[in-house]
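Undergrad: Got a structure for you, questions after.
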Amino acid sequence: MKLAAIQMVSSTSVPDNLRAAHALLSEAARGGAELAVLPEYFCVMGRQDTDKLALQEALGGGPIQDWLAATARELDLWIVGGTLPLSREPADPRRVRNASLAFAPSGERVACYDKIHLFRFDDGTRVYDEAAVLAAGRTPTLFDLPSRDGHTWKVGMSVCYDLRFPELYRAYAAQGADLLVVPSAFTHVTGMAHWEVLLRARAIENLCGVVAAAQGGLHENGRRTWGHSMVVDAWGQVRSSQAEGAGVVLAELLPGELAVRRTQLPALSHRVL
């Protein structure tokens with residue numbers, strides 16, 4: 001199956017970001033991709049964290065979700081919609097969910113995953129604390145993707161900082177996952193240090209392909225993200241990547257490349273959450 005990791009440098013304008021995402025998804029579809037993964041915060045990189053509160057949508061309807069469904073239908077493409085702010089249930093005036101939604105080519109939403117591990121970082125110059133406006137998810141989520149060649153891929157969902165917690169991915173592998181998606185917005189500092197090595201480790205230790213779609217560049221709000229979106233095979237080899245700037249990373253992975261079946265992986269020795 002041909003896969004696409006969509007790299008963006010999202011701005012503070014939702015309409016501008018959706019137009020940019022549509023152009024990149026169209027390029028991926030023309031390149032033969034069956035699945036395209038958008039980065040974390042593909043729809044907006046706000047000037048401040050609380051901007052997410054004003055843009056939140058209820059699960060099941062809203063302009064960003066409607067756009068994802070319509071684009072999947074238009075391009076005949078499986079789309080993992082990076083992340084977007086979804087309302088909590090019951091409503092919470094202070095926090096939203098950082099949710100990744102998967103849509104089938106029919107436009108049907110087939111999965112919703114709320115980011116479990118929330119990022120906190122302070123190096124004396126840069127300070128990030130996602131828990132100030134985000135509510136952590138609790139439920140690992142997989143979905144089935146029947147590809148055109150007749151294989152059904154089991155896809156495990158995650159977001160950005162989840163990458164540092166291997167138990168989540170081992171739980172997916174134990175349930176038969178053969179592909180992991182990691183929409184992200186890694187900072188330039190942490191990405192330079194750990195991004196590629198963590199992605200390759202998650203692929204190797206779980207014998208899964210990995211599609212990692214990232215934000216990559218200097219944003220309107222002054223934040224700089226690492227980029228380096230990539231597709232990694234189950235042997236831990238980087239099949240395709242892009243350093244910085246908007247673009248489409250295309251690569252093909254084959255089910256037969258998974259040398260060891262998931263049932264041969266050891267069971268979890270402790271709880272994931």
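Chain labels A, B, ... are given in the sequence in which chains occur in the structure tokens; within each chain residues are numbered consecutively from 1, and ligands are likewise numbered from 1 in the order shown.
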Just want the 8 Å neighbourhood of Tyr169 (chain A), counted on only C-alpha atoms, with same-chain residues fewer than 6 positions away dropped. Output as number ranges by chain.

TA: A: 156, 180, 202, 206

Undergrad: Considering only C-alpha atoms, can you say which of A:Ala243, A:Met192, A:Glu205, A:Leu145 comes closest to Ala173 (chain A)?

TA: A:Glu205

Undergrad: At a cut-off of 10 Å, can you tabulate as a Markdown table every residue of region 110-218 of chain A near region 43-67 of chain A together with its closest atom pair and the distance in Å to one decimal, using only C-alpha atoms and ordering rows by chain then number?

TA:
| residue | atom | partner | partner_atom | distance |
| --- | --- | --- | --- | --- |
| A:Cys112 | CA | A:Leu59 | CA | 8.8 |
| A:Tyr128 | CA | A:Asp49 | CA | 9.3 |
| A:Asp129 | CA | A:Asp49 | CA | 9.1 |
| A:Glu130 | CA | A:Asp49 | CA | 7.9 |
| A:Ala132 | CA | A:Asp49 | CA | 8.2 |
| A:Val133 | CA | A:Thr50 | CA | 6.4 |
| A:Leu134 | CA | A:Lys52 | CA | 8.9 |
| A:Ala185 | CA | A:Met45 | CA | 9.6 |
| A:Gln215 | CA | A:Met45 | CA | 9.6 |

Undergrad: Keeping only N, CA and C atoms, take the residues you just selected and write them out as a compact mmCIF listing (two decimals), in the first residue's frame.

TA:
# COMPACT_ATOMS: atom_id res chain seq x y z
N CYS A 112 -11.76 7.54 16.26
CA CYS A 112 -11.45 8.79 16.96
C CYS A 112 -10.53 8.45 18.12
N TYR A 128 6.21 24.72 27.47
CA TYR A 128 5.00 24.13 26.91
C TYR A 128 4.32 23.31 28.00
N ASP A 129 3.01 23.44 28.10
CA ASP A 129 2.24 22.64 29.05
C ASP A 129 0.86 22.40 28.46
N GLU A 130 0.73 21.29 27.71
CA GLU A 130 -0.53 21.02 27.02
C GLU A 130 -1.69 20.81 27.98
N ALA A 132 -2.64 22.46 30.30
CA ALA A 132 -3.32 23.70 30.68
C ALA A 132 -4.62 23.90 29.92
N VAL A 133 -4.69 23.36 28.68
CA VAL A 133 -5.91 23.53 27.88
C VAL A 133 -6.42 22.22 27.29
N LEU A 134 -5.67 21.14 27.45
CA LEU A 134 -6.09 19.86 26.87
C LEU A 134 -6.41 18.85 27.96
N ALA A 185 3.76 17.47 16.10
CA ALA A 185 4.26 18.83 15.99
C ALA A 185 5.45 18.96 16.95
N GLN A 215 4.54 18.77 11.63
CA GLN A 215 4.70 20.19 11.33
C GLN A 215 6.20 20.43 11.16

Undergrad: Give me, as a ChimeraX atom specification, all polymer residues having an atom no more than 10 Å from Val238 (chain A), counting only C-alpha atoms and skipping those fewer than 5 positions away in the same chain.

TA: /A:196,199-200,209-210,230-233,251

Undergrad: For Glu244 (chain A), which residue out of A:Leu25, A:Ala111, A:Met8, A:Ala91 is the nearest one, using only C-alpha atoms?

TA: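 Ranked by minimum distance to Glu244 (chain A), first place goes to A:Met8.
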